[in-house]
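Some notes on the structure that comes next.
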Amino acid sequence: MSFSSKPGERFGTVIDKSPYTVEDPLVKIQYVSKGQNVVFGRALKDEDYSNLLYVGKILETTKGRSYLGADAWLDTTFPHVIYITGTRGSGKSFDLGVLVEGISKLTTPSSIQNDVKPITSIIIDTQSQFWTLGYAPRQAIPANKAQLDELKRWNLAPNSLADTKVYAPPGTTTFLGTEKVLQIRPKDVKAEEWCALLGQEVYSPQGHIITTTLEALGDTDYEITDMLDYIANDANWPTVADSSRNAISYKLDDYRRTNLFSANGLRVKDFLEEGTCNILTLRELRNEDKSLITAVIARSLFDILGRHHNKKKTASFFQKPFESDGTPDRVWLVIDEAHVVAPSDQISPARGALVEYVKRGRDAGLSLVLATQQPSALDDRILSQVNVTFSHRLSFQSDINAAVNRIPTKSIGAMKFSGTNLTDFGDMVRVLDAGQCFLGDQASSRTVLVQIRPRVTAHGGYSPF
Ligand SMILES: Nc1ncnc2c1ncn2[C@@H]1O[C@H](COP(=O)(O)OP(=O)(O)OP(=O)(O)O)[C@@H](O)[C@H]1O
Ligand SMILES: [Mg+2]
């Protein structure tokens with residue numbers, strides 16, 4: 001599909017001047033002059049502009065050729081690893097909502113999608129704020145009023161996701177009353193993940209007990225009580241100290257009481273309906289439990305989609321028909337507050353799974369979106385494959401350095417902000433307002449300042465103050 005609209009017609013002329021003037025020219029950028037559009041996240045330049053989601057508008061005046069006010073799109077044809085950084089309240093969760101709106105099935109067709117084939121997503125909702133994606137903003141809600149005014153200015157209509165499923169762990173606050181119960185199957189947790197959860201090395205006495213127990217239970221549909229029974233049976237442990245067995249039993253028993261585990265718990269396959277947005281409201285869980293759930297999901301996703309794509313490739317190689325079992329070709333895993341799920345300074349269950357996910361995900365059709373307010377606290381190896389960055393306002397130099405290190409193109413050398421010359425990129429990042437960010441990708445010669453569009457669905461993260 002090609003762009004046909006005239007500039008300004010599609011989303012209104014929201015931005016015609018800017019306090020930001022960037023001195024560095026934009027030597028390379030995917031610009032489509034028809035309708036004034038800029039495409040991020042795609043290497044190819046051809047006339048096919050399908051699978052683009054609308055991100056917002058270019059907010060910088062640029063020395064030389066300027067693209068101020070042009071519409072910014074993100075390509076969703078190929079898998080991405082997207083990294084969103086910014087301080088509290090800078091617009092990270094808002095961006096996650098913008099991206100999920102762009103890839104999902106919407107209740108009514110919207111200009112925020114340029115011929116998008118809906119993509120299945122799973123949101124690790126660490127603040128329990130994304131259930132509102134299923135609802136349009138309403139005039140009666142004071143927090144939504146400003147959003148509705150903004151939408152009008154941008155020539156956009158309120159909308160909602162057509163197919164959301166919200167999950168909540170047992171015993172945690174629910175928002176809708178229709179949430180599905182989120183429990184995980186003990187058999188889906190690997191020995192090293194149990195060890196990370198229980199704070200033990202795999203090659204420790206307690207690690208040995210876990211590994212042996214899982215081996216003995218094999219592929220049966222076991223409960224934590226079955227693990228406890230096996231550990232309690234003296235005959236199974238002729239050479240292992242009681243103290244190690246007791247220590248691990250106390251911790252496992254604690255997990256049994258949380259009800260987070262069940263042999264009948266969810267299979268990740270259950271999330272994989274074409275085009276569905278699965279929202280996991282995890283706010284009240286301990287951080288290590290959020291991490292464990294993320295680990296199980298990430299690992300199962302690349303197992304399931306990896307197998308699916310291998311079968312597809314083999315069928316195509318031998319020119320045989322491919323019989324799909326309904327597994328979608330593409331999935332986006334979206335993680336808010338990613339430093340909580342995979343911190344750099346401690347062992348966490350999600351770390352290994354996410355490192356593997358980003359390394360092997362692309363071939364399996366898997367995208368990852370990570371948002372964090374503490375870029376310096378997120379495990380670095382997970383960021384090795386980042387190809388798109390949204391850099392919002394940051395304050396601390398260590399966080400700015402960590403965020404800038406991952407921008408997949410050049411940063412900016414000189415920018416004028418309201419008449420003041422800034423020559424340090426950190427200072428440029430410090431002056432941004434909520435909803436403004438530097439968008440970086442490999443197709444542009446440097447990072448570009450963008451105003452993120454308003455959300456078309458209700459945003460759940462408005463400050464109550
Ligand atoms: N693109 C935008 N357009 C309009 N308002 C925005 C935009 N992005 C963010 N905001 C405003 O900023 C507020 C904070 O945004 P958001 O909840 O995304 O912050 P955050 O970076 O996720 O913060 P935290 O780290 O506290 O979770 C929003 O409630 C909204 O009022
Ligand atoms: Mg947030």
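All residue names refer to the structure tokens as shown: chains lettered A, B, ... in order, residues numbered from 1 in each chain, ligands numbered from 1 in order.
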Could you give me the residues within 6 Å of ligand 1, counting only C-alpha atoms and all ligand atoms, as a PDB file with C-alpha atoms, in the first residue's frame?
ATOM      1  CA  GLY A  86      13.121   7.529  30.400  1.00  0.00           C
ATOM      2  CA  THR A  87      12.579   8.836  33.927  1.00  0.00           C
ATOM      3  CA  ARG A  88       9.322   8.460  35.823  1.00  0.00           C
ATOM      4  CA  GLY A  89       6.471  10.083  33.981  1.00  0.00           C
ATOM      5  CA  SER A  90       8.403  10.657  30.750  1.00  0.00           C
ATOM      6  CA  GLY A  91       6.019   8.563  28.606  1.00  0.00           C
ATOM      7  CA  LYS A  92       7.442   5.014  28.487  1.00  0.00           C
ATOM      8  CA  SER A  93       4.269   3.102  29.365  1.00  0.00           C
ATOM      9  CA  PHE A  94       2.375   5.467  27.093  1.00  0.00           C
ATOM     10  CA  GLN A 373      13.430   4.062  33.984  1.00  0.00           C
ATOM     11  CA  ALA A 434       6.687  13.874  28.520  1.00  0.00           C
ATOM     12  CA  GLY A 435       5.799  12.248  25.198  1.00  0.00           C
ATOM     13  CA  ILE A 452       4.616  10.596  20.270  1.00  0.00           C
ATOM     14  CA  ARG A 453       0.967  10.689  19.215  1.00  0.00           C
ATOM     15  CA  PRO A 454      -1.877  10.550  21.752  1.00  0.00           C
ATOM     16  CA  GLY A 461      -1.262   5.355  33.900  1.00  0.00           C
ATOM     17  CA  TYR A 462      -2.520   8.901  34.476  1.00  0.00           C
ATOM     18  CA  SER A 463      -1.253  10.347  37.698  1.00  0.00           C
TER      19      SER A 463
END
Sorted by chain and rising residue number, which residues of segment 105-142 of chain A lie within 10 Å of segment 154-168 of chain A, and what are their closest atom pairs and distances in Å to one decimal, counting only C-alpha atoms, as a tab-separated table?
residue	atom	partner	partner_atom	distance
A:Lys105	CA	A:Ala162	CA	5.6
A:Leu106	CA	A:Leu161	CA	4.5
A:Thr107	CA	A:Ala162	CA	4.6
A:Thr108	CA	A:Asn159	CA	6.6
A:Pro109	CA	A:Asn159	CA	8.6
A:Ser110	CA	A:Ala157	CA	7.6
A:Ser111	CA	A:Leu156	CA	7.6
A:Ile112	CA	A:Leu156	CA	8.2
A:Thr120	CA	A:Asp163	CA	9.8
A:Ser121	CA	A:Thr164	CA	9.5
A:Ile122	CA	A:Lys165	CA	9.5
A:Ile123	CA	A:Val166	CA	9.6
A:Asp125	CA	A:Tyr167	CA	10.0
A:Ser128	CA	A:Ala168	CA	9.2
A:Phe130	CA	A:Val166	CA	8.9
A:Trp131	CA	A:Val166	CA	6.5
A:Thr132	CA	A:Ser160	CA	8.5
A:Leu133	CA	A:Leu161	CA	6.0
A:Gly134	CA	A:Leu161	CA	4.8
A:Tyr135	CA	A:Ser160	CA	4.9
A:Ala136	CA	A:Ser160	CA	4.9
A:Pro137	CA	A:Pro158	CA	6.3
A:Arg138	CA	A:Pro158	CA	8.3
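The list of residues with at least one atom within 8 Å of Cys437 of chain A, based on only C-alpha atoms and without residues fewer than 4 positions apart in the same chain, reads Phe390, Ser391, His392, Arg393, Val429, Leu432, Leu449, Val450, Gln451 and Ile452 of chain A.
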Segment 244-285 of chain A: which residues are alpha helix (DSSP H) by DSSP, as a ChimeraX atom specification?
/A:244-258
What is the distance, in Å and to one decimal place, between atom CA of Val296 of chain A and atom CA of Val268 of chain A?
8.2 Å
